[in-house]
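Chemist: Sending over model.pdb (PDB, C-alpha atoms).
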```pdb
MODEL        1
ATOM      1  CA  MET A   1       0.000   0.000   0.000
ATOM      2  CA  LEU A   2       2.812   2.399   0.886
ATOM      3  CA  ALA A   3       4.421   1.682  -2.473
ATOM      4  CA  LEU A   4       1.209   2.715  -4.256
ATOM      5  CA  VAL A   5       1.019   5.972  -2.299
ATOM      6  CA  LEU A   6       4.661   6.746  -3.098
ATOM      7  CA  ALA A   7       4.152   5.943  -6.782
ATOM      8  CA  ALA A   8       1.083   8.206  -6.902
ATOM      9  CA  ALA A   9       2.989  11.027  -5.195
ATOM     10  CA  LEU A  10       5.867  10.741  -7.666
ATOM     11  CA  ALA A  11       3.469  10.678 -10.615
ATOM     12  CA  ALA A  12       1.847  13.878  -9.334
ATOM     13  CA  LEU A  13       5.125  15.799  -9.367
ATOM     14  CA  PRO A  14       5.539  18.192 -12.290
ATOM     15  CA  ALA A  15       7.507  16.749 -15.161
ATOM     16  CA  PRO A  16      10.899  18.278 -15.828
ATOM     17  CA  PRO A  17      10.925  20.715 -18.720
ATOM     18  CA  THR A  18      11.415  19.223 -22.164
ATOM     19  CA  ASP A  19      13.264  22.296 -23.399
ATOM     20  CA  MET A  20      15.586  23.398 -20.634
ATOM     21  CA  THR A  21      16.998  26.454 -22.441
ATOM     22  CA  ARG A  22      13.499  27.777 -23.154
ATOM     23  CA  SER A  23      12.417  27.156 -19.560
ATOM     24  CA  ILE A  24      15.462  28.983 -18.175
ATOM     25  CA  LEU A  25      14.828  31.892 -20.538
ATOM     26  CA  THR A  26      11.119  32.248 -19.723
ATOM     27  CA  ASP A  27      11.114  31.273 -16.043
ATOM     28  CA  VAL A  28      14.411  32.766 -14.848
ATOM     29  CA  CYS A  29      16.169  35.144 -17.240
ATOM     30  CA  LEU A  30      13.385  37.323 -18.609
ATOM     31  CA  PRO A  31      11.713  37.814 -15.198
ATOM     32  CA  TYR A  32      15.117  38.522 -13.627
ATOM     33  CA  VAL A  33      16.326  41.141 -16.118
ATOM     34  CA  THR A  34      12.970  42.937 -16.215
ATOM     35  CA  GLY A  35      12.849  43.068 -12.417
ATOM     36  CA  GLU A  36       9.678  40.951 -12.149
ATOM     37  CA  ALA A  37      11.305  38.209 -10.064
ATOM     38  CA  ASP A  38      14.591  37.562  -8.319
ATOM     39  CA  ASP A  39      13.899  34.459  -6.276
ATOM     40  CA  THR A  40      15.250  30.955  -6.483
ATOM     41  CA  VAL A  41      11.993  29.017  -6.818
ATOM     42  CA  ALA A  42      12.283  28.594 -10.609
ATOM     43  CA  LEU A  43      15.988  27.807 -10.285
ATOM     44  CA  GLU A  44      15.279  25.072  -7.771
ATOM     45  CA  PHE A  45      12.461  23.628  -9.894
ATOM     46  CA  LEU A  46      14.787  23.502 -12.907
ATOM     47  CA  GLY A  47      17.419  21.676 -10.851
ATOM     48  CA  PHE A  48      19.973  24.453 -10.385
ATOM     49  CA  LEU A  49      22.311  24.508  -7.416
ATOM     50  CA  MET A  50      24.179  27.590  -6.260
ATOM     51  CA  VAL A  51      27.911  27.451  -6.829
ATOM     52  CA  PRO A  52      30.484  29.832  -5.356
ATOM     53  CA  PRO A  53      29.833  33.327  -6.714
ATOM     54  CA  THR A  54      32.391  35.103  -8.831
ATOM     55  CA  ALA A  55      33.163  38.763  -9.308
ATOM     56  CA  GLU A  56      30.719  38.568 -12.241
ATOM     57  CA  GLY A  57      27.694  37.655 -10.102
ATOM     58  CA  ARG A  58      25.697  34.794  -8.650
ATOM     59  CA  MET A  59      26.446  31.441 -10.274
ATOM     60  CA  TYR A  60      24.272  28.335 -10.592
ATOM     61  CA  ALA A  61      24.714  24.947 -12.250
ATOM     62  CA  THR A  62      22.603  21.882 -12.841
ATOM     63  CA  GLU A  63      23.855  18.836 -10.979
ATOM     64  CA  ASP A  64      25.303  17.346 -14.181
ATOM     65  CA  GLU A  65      26.709  20.793 -15.167
ATOM     66  CA  ALA A  66      24.941  20.579 -18.534
ATOM     67  CA  TYR A  67      23.683  24.124 -17.854
ATOM     68  CA  LEU A  68      25.450  26.984 -16.108
ATOM     69  CA  LEU A  69      23.749  30.241 -15.215
ATOM     70  CA  ARG A  70      25.074  33.627 -14.123
ATOM     71  CA  LEU A  71      22.939  36.450 -12.734
ATOM     72  CA  SER A  72      24.330  39.912 -12.074
ATOM     73  CA  THR A  73      23.114  43.437 -11.449
ATOM     74  CA  THR A  74      25.083  46.668 -11.601
ATOM     75  CA  GLY A  75      24.011  50.255 -11.093
ATOM     76  CA  THR A  76      20.609  51.430  -9.907
ATOM     77  CA  SER A  77      17.455  52.927 -11.379
ATOM     78  CA  ALA A  78      18.062  56.005  -9.238
ATOM     79  CA  ASP A  79      21.299  56.782 -11.074
ATOM     80  CA  GLY A  80      19.751  55.848 -14.457
ATOM     81  CA  ASN A  81      22.344  53.172 -15.073
ATOM     82  CA  LEU A  82      20.687  49.909 -14.021
ATOM     83  CA  ASN A  83      21.999  46.830 -15.832
ATOM     84  CA  ARG A  84      20.840  43.258 -15.224
ATOM     85  CA  VAL A  85      22.432  40.276 -16.947
ATOM     86  CA  CYS A  86      21.431  36.627 -17.149
ATOM     87  CA  VAL A  87      23.753  34.291 -19.046
ATOM     88  CA  ILE A  88      22.781  30.712 -19.889
ATOM     89  CA  GLN A  89      25.597  28.401 -20.904
ATOM     90  CA  ALA A  90      24.055  25.339 -22.561
ATOM     91  CA  ARG A  91      26.683  22.629 -22.767
ATOM     92  CA  ARG A  92      24.439  20.300 -24.767
ATOM     93  CA  GLY A  93      22.755  20.824 -28.096
ATOM     94  CA  GLY A  94      24.850  23.613 -29.566
ATOM     95  CA  LEU A  95      23.783  26.877 -31.164
ATOM     96  CA  ASP A  96      21.047  25.389 -33.358
ATOM     97  CA  ALA A  97      19.266  23.961 -30.300
ATOM     98  CA  ALA A  98      19.657  27.252 -28.411
ATOM     99  CA  ARG A  99      18.273  29.237 -31.355
ATOM    100  CA  THR A 100      15.364  26.804 -31.732
ATOM    101  CA  SER A 101      14.578  27.284 -28.030
ATOM    102  CA  VAL A 102      14.816  31.074 -28.057
ATOM    103  CA  GLN A 103      13.155  32.074 -31.350
ATOM    104  CA  PRO A 104       9.545  31.127 -30.494
ATOM    105  CA  VAL A 105       9.734  32.944 -27.167
ATOM    106  CA  MET A 106      11.097  36.072 -28.816
ATOM    107  CA  ARG A 107       8.399  35.984 -31.509
ATOM    108  CA  ASP A 108       5.571  35.314 -29.007
ATOM    109  CA  GLN A 109       6.699  38.113 -26.687
ATOM    110  CA  GLY A 110       7.059  40.713 -29.456
ATOM    111  CA  PHE A 111      10.848  41.028 -29.579
ATOM    112  CA  ALA A 112      12.310  42.461 -32.790
ATOM    113  CA  ALA A 113      15.083  40.540 -34.532
ATOM    114  CA  ASP A 114      18.108  42.619 -35.492
ATOM    115  CA  ALA A 115      18.149  42.314 -39.285
ATOM    116  CA  ASP A 116      21.827  43.292 -39.451
ATOM    117  CA  GLN A 117      22.917  40.175 -37.553
ATOM    118  CA  SER A 118      23.760  36.860 -39.196
ATOM    119  CA  ALA A 119      21.826  33.691 -38.362
ATOM    120  CA  ASP A 120      24.915  32.527 -36.444
ATOM    121  CA  ARG A 121      24.692  35.522 -34.089
ATOM    122  CA  PRO A 122      21.012  36.420 -33.675
ATOM    123  CA  ILE A 123      19.962  39.345 -31.492
ATOM    124  CA  TRP A 124      16.446  40.330 -30.419
ATOM    125  CA  THR A 125      15.430  43.529 -28.577
ATOM    126  CA  LYS A 126      12.391  44.971 -26.819
ATOM    127  CA  GLY A 127      12.061  47.777 -24.278
ATOM    128  CA  GLY A 128      15.626  47.775 -23.001
ATOM    129  CA  VAL A 129      15.950  43.966 -23.046
ATOM    130  CA  THR A 130      18.401  42.376 -25.461
ATOM    131  CA  VAL A 131      18.659  38.620 -26.065
ATOM    132  CA  SER A 132      21.503  37.099 -28.042
ATOM    133  CA  ALA A 133      22.664  33.588 -28.855
ATOM    134  CA  ARG A 134      26.300  32.793 -29.610
ATOM    135  CA  GLN A 135      28.686  29.897 -29.858
ATOM    136  CA  ASN A 136      32.406  30.054 -30.417
ATOM    137  CA  PRO A 137      34.136  27.044 -32.009
ATOM    138  CA  GLY A 138      34.654  24.298 -29.442
ATOM    139  CA  ALA A 139      32.633  26.104 -26.773
ATOM    140  CA  ALA A 140      29.145  25.796 -25.321
ATOM    141  CA  ALA A 141      26.233  27.778 -26.731
ATOM    142  CA  VAL A 142      25.563  30.941 -24.743
ATOM    143  CA  VAL A 143      22.267  32.802 -24.491
ATOM    144  CA  ARG A 144      22.751  36.252 -22.978
ATOM    145  CA  VAL A 145      19.787  38.260 -21.712
ATOM    146  CA  THR A 146      20.405  41.848 -20.615
ATOM    147  CA  TYR A 147      18.408  44.832 -19.471
ATOM    148  CA  SER A 148      19.736  48.373 -19.478
ATOM    149  CA  ASP A 149      18.022  51.568 -18.299
ATOM    150  CA  LEU A 150      20.015  53.354 -20.985
ATOM    151  CA  ASP A 151      18.575  51.144 -23.755
ATOM    152  CA  ALA A 152      15.067  51.314 -22.283
ATOM    153  CA  GLY A 153      15.098  55.099 -22.664
ATOM    154  CA  LEU A 154      15.741  54.999 -26.412
TER     155      LEU A 154
ENDMDL
END
```
Kindly transcribe the structure held in the file into structure tokens.
Modeler:
Amino acid sequence: MLALVLAAALAALPAPPTDMTRSILTDVCLPYVTGEADDTVALEFLGFLMVPPTAEGRMYATEDEAYLLRLSTTGTSADGNLNRVCVIQARRGGLDAARTSVQPVMRDQGFAADADQSADRPIWTKGGVTVSARQNPGAAAVVRVTYSDLDAGL
């Protein structure tokens, strides 16, 4: 009987995300850079653990280190120079997978693609938020999400 209760409890747990990069972007990065949320609930749900911070900000990693995440804030709104950065390092799937994860979110949320950028270095912008996807040869794909008061005022 106890085994049935345990099995039912496990089945009731939310399933892990099927597209981790998209989930990190929508549940952590965009809310963080826009100032909507700065808690660790989404990070914990996605399986991130805090690792020792660096001079560049708070650092997180999944247990298998397939995904690394950095969150940082500099400046303040009061001085008109607030900058928030969320960097996803996806060590699996490469740039094509990262682009495939990011593009629908950008389209659905009304971000404009920068027409001057190549497909290998896409950039999307909206209201002071910039999202880019990059991969250098031999390195992990990186999705960088930033917010700047200076860009928001343009």
Chemist: Using only C-alpha atoms, which of the listed residues (A:Gly110, A:Tyr32, A:Phe45, A:Leu71) sits closest to Gly57 in chain A?
Modeler: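 Smallest distance to Gly57 in chain A is found for A:Leu71.
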Chemist: Quick one: pull the distance between CA of Glu65 in chain A and CA of Met50 in chain A, Å, one decimal.
Modeler: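 Atom-to-atom, CA of Glu65 in chain A to CA of Met50 in chain A, that is 11.5 Å.
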Chemist: I need the residue set behind the PyMOL selection byres ((chain A and resi 81) around 12) for this file; please write it as a list in words.
Modeler: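 In the shown coordinates, the PyMOL selection byres ((chain A and resi 81) around 12) covers Thr73, Thr74, Gly75, Thr76, Ser77, Ala78, Asp79, Gly80, Leu82, Asn83, Arg84, Gly128, Tyr147, Ser148, Asp149, Leu150, Asp151, Ala152 and Gly153 of chain A.
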Chemist: Could you please take those selected residues and save C-alpha atoms as a CSV table (one decimal), in the coordinates of the input?
Modeler:
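Saved file part_13.csv follows:
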```csv
chain,number,residue,atom,x,y,z
A,73,THR,CA,23.1,43.4,-11.4
A,74,THR,CA,25.1,46.7,-11.6
A,75,GLY,CA,24.0,50.3,-11.1
A,76,THR,CA,20.6,51.4,-9.9
A,77,SER,CA,17.5,52.9,-11.4
A,78,ALA,CA,18.1,56.0,-9.2
A,79,ASP,CA,21.3,56.8,-11.1
A,80,GLY,CA,19.8,55.8,-14.5
A,82,LEU,CA,20.7,49.9,-14.0
A,83,ASN,CA,22.0,46.8,-15.8
A,84,ARG,CA,20.8,43.3,-15.2
A,128,GLY,CA,15.6,47.8,-23.0
A,147,TYR,CA,18.4,44.8,-19.5
A,148,SER,CA,19.7,48.4,-19.5
A,149,ASP,CA,18.0,51.6,-18.3
A,150,LEU,CA,20.0,53.4,-21.0
A,151,ASP,CA,18.6,51.1,-23.8
A,152,ALA,CA,15.1,51.3,-22.3
A,153,GLY,CA,15.1,55.1,-22.7
```
Chemist: Find the distance between CA of Phe111 in chain A and CA of Gly35 in chain A and write it in Å to one decimal.
Modeler: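 Between CA of Phe111 in chain A and CA of Gly35 in chain A the gap is 17.4 Å.
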Chemist: Quote the spacing between CA of Gly93 in chain A and CA of Ala112 in chain A in Å to one decimal place.
Modeler: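 Between CA of Gly93 in chain A and CA of Ala112 in chain A the gap is 24.5 Å.
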Chemist: Report the centre and edge lengths, in Å to one decimal, of an axis-aligned box enclosing every atom of range 95-102 of chain A listed in the file, padded by 5 Å on each side, as AutoDock Vina command-line options.
Modeler:
```
--center_x 19.2 --center_y 27.5 --center_z -30.7 --size_x 19.2 --size_y 17.1 --size_z 15.3
```
Chemist: Which residues, written as a PDB file with C-alpha atoms, keeping the file's coordinate frame, have at least one atom at most 10 Å from Pro122 in chain A, with all atoms listed in the file counted and residues fewer than 2 positions away on the same chain left out?
Modeler:
```pdb
ATOM      1  CA  ARG A  99      18.273  29.237 -31.355  1.00  0.00           C
ATOM      2  CA  VAL A 102      14.816  31.074 -28.057  1.00  0.00           C
ATOM      3  CA  GLN A 103      13.155  32.074 -31.350  1.00  0.00           C
ATOM      4  CA  ALA A 113      15.083  40.540 -34.532  1.00  0.00           C
ATOM      5  CA  ASP A 114      18.108  42.619 -35.492  1.00  0.00           C
ATOM      6  CA  ALA A 115      18.149  42.314 -39.285  1.00  0.00           C
ATOM      7  CA  ASP A 116      21.827  43.292 -39.451  1.00  0.00           C
ATOM      8  CA  GLN A 117      22.917  40.175 -37.553  1.00  0.00           C
ATOM      9  CA  SER A 118      23.760  36.860 -39.196  1.00  0.00           C
ATOM     10  CA  ALA A 119      21.826  33.691 -38.362  1.00  0.00           C
ATOM     11  CA  ASP A 120      24.915  32.527 -36.444  1.00  0.00           C
ATOM     12  CA  TRP A 124      16.446  40.330 -30.419  1.00  0.00           C
ATOM     13  CA  VAL A 131      18.659  38.620 -26.065  1.00  0.00           C
ATOM     14  CA  SER A 132      21.503  37.099 -28.042  1.00  0.00           C
ATOM     15  CA  ALA A 133      22.664  33.588 -28.855  1.00  0.00           C
ATOM     16  CA  ARG A 134      26.300  32.793 -29.610  1.00  0.00           C
ATOM     17  CA  VAL A 143      22.267  32.802 -24.491  1.00  0.00           C
TER      18      VAL A 143
END
```
Chemist: Could you list the residues chosen by the PyMOL selection byres ((chain A and resi 56) around 9) in this structure as a ChimeraX atom specification?
Modeler: /A:53-55,57-59,70-72
Chemist: Go ahead and write the selection's residues with C-alpha atoms as a JSON list (two decimals), in the coordinates of the input.
Modeler:
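Okay, this is what ended up in out-v3.json:
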```json
[["chain", "number", "residue", "atom", "x", "y", "z"],
["A", 53, "PRO", "CA", 29.83, 33.33, -6.71],
["A", 54, "THR", "CA", 32.39, 35.10, -8.83],
["A", 55, "ALA", "CA", 33.16, 38.76, -9.31],
["A", 57, "GLY", "CA", 27.69, 37.66, -10.10],
["A", 58, "ARG", "CA", 25.70, 34.79, -8.65],
["A", 59, "MET", "CA", 26.45, 31.44, -10.27],
["A", 70, "ARG", "CA", 25.07, 33.63, -14.12],
["A", 71, "LEU", "CA", 22.94, 36.45, -12.73],
["A", 72, "SER", "CA", 24.33, 39.91, -12.07]]
```
Chemist: On this structure, which residues satisfy the PyMOL selection byres ((chain A and resi 101) around 10), written as a list in words?
Modeler: Asp19, Met20, Thr21, Arg22, Ser23, Leu25, Leu95, Asp96, Ala97, Ala98, Arg99, Thr100, Val102, Gln103, Pro104, Val105 and Met106 of chain A
Chemist: Quick one: of A:Ala90, A:Arg121, A:Thr146, A:Tyr60, who's nearest to Thr40 in chain A, counting only C-alpha atoms?
Modeler: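 Selected residue with least distance to Thr40 in chain A: A:Tyr60.
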Chemist: With all atoms listed in the file as the atoms that count, which of A:Val85, A:Thr130, A:Val41, A:Ala140 lies nearest to Tyr67 in chain A?
Modeler: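 Going through A:Val85, A:Thr130, A:Val41, A:Ala140 one by one, the smallest distance to Tyr67 in chain A is for A:Ala140.
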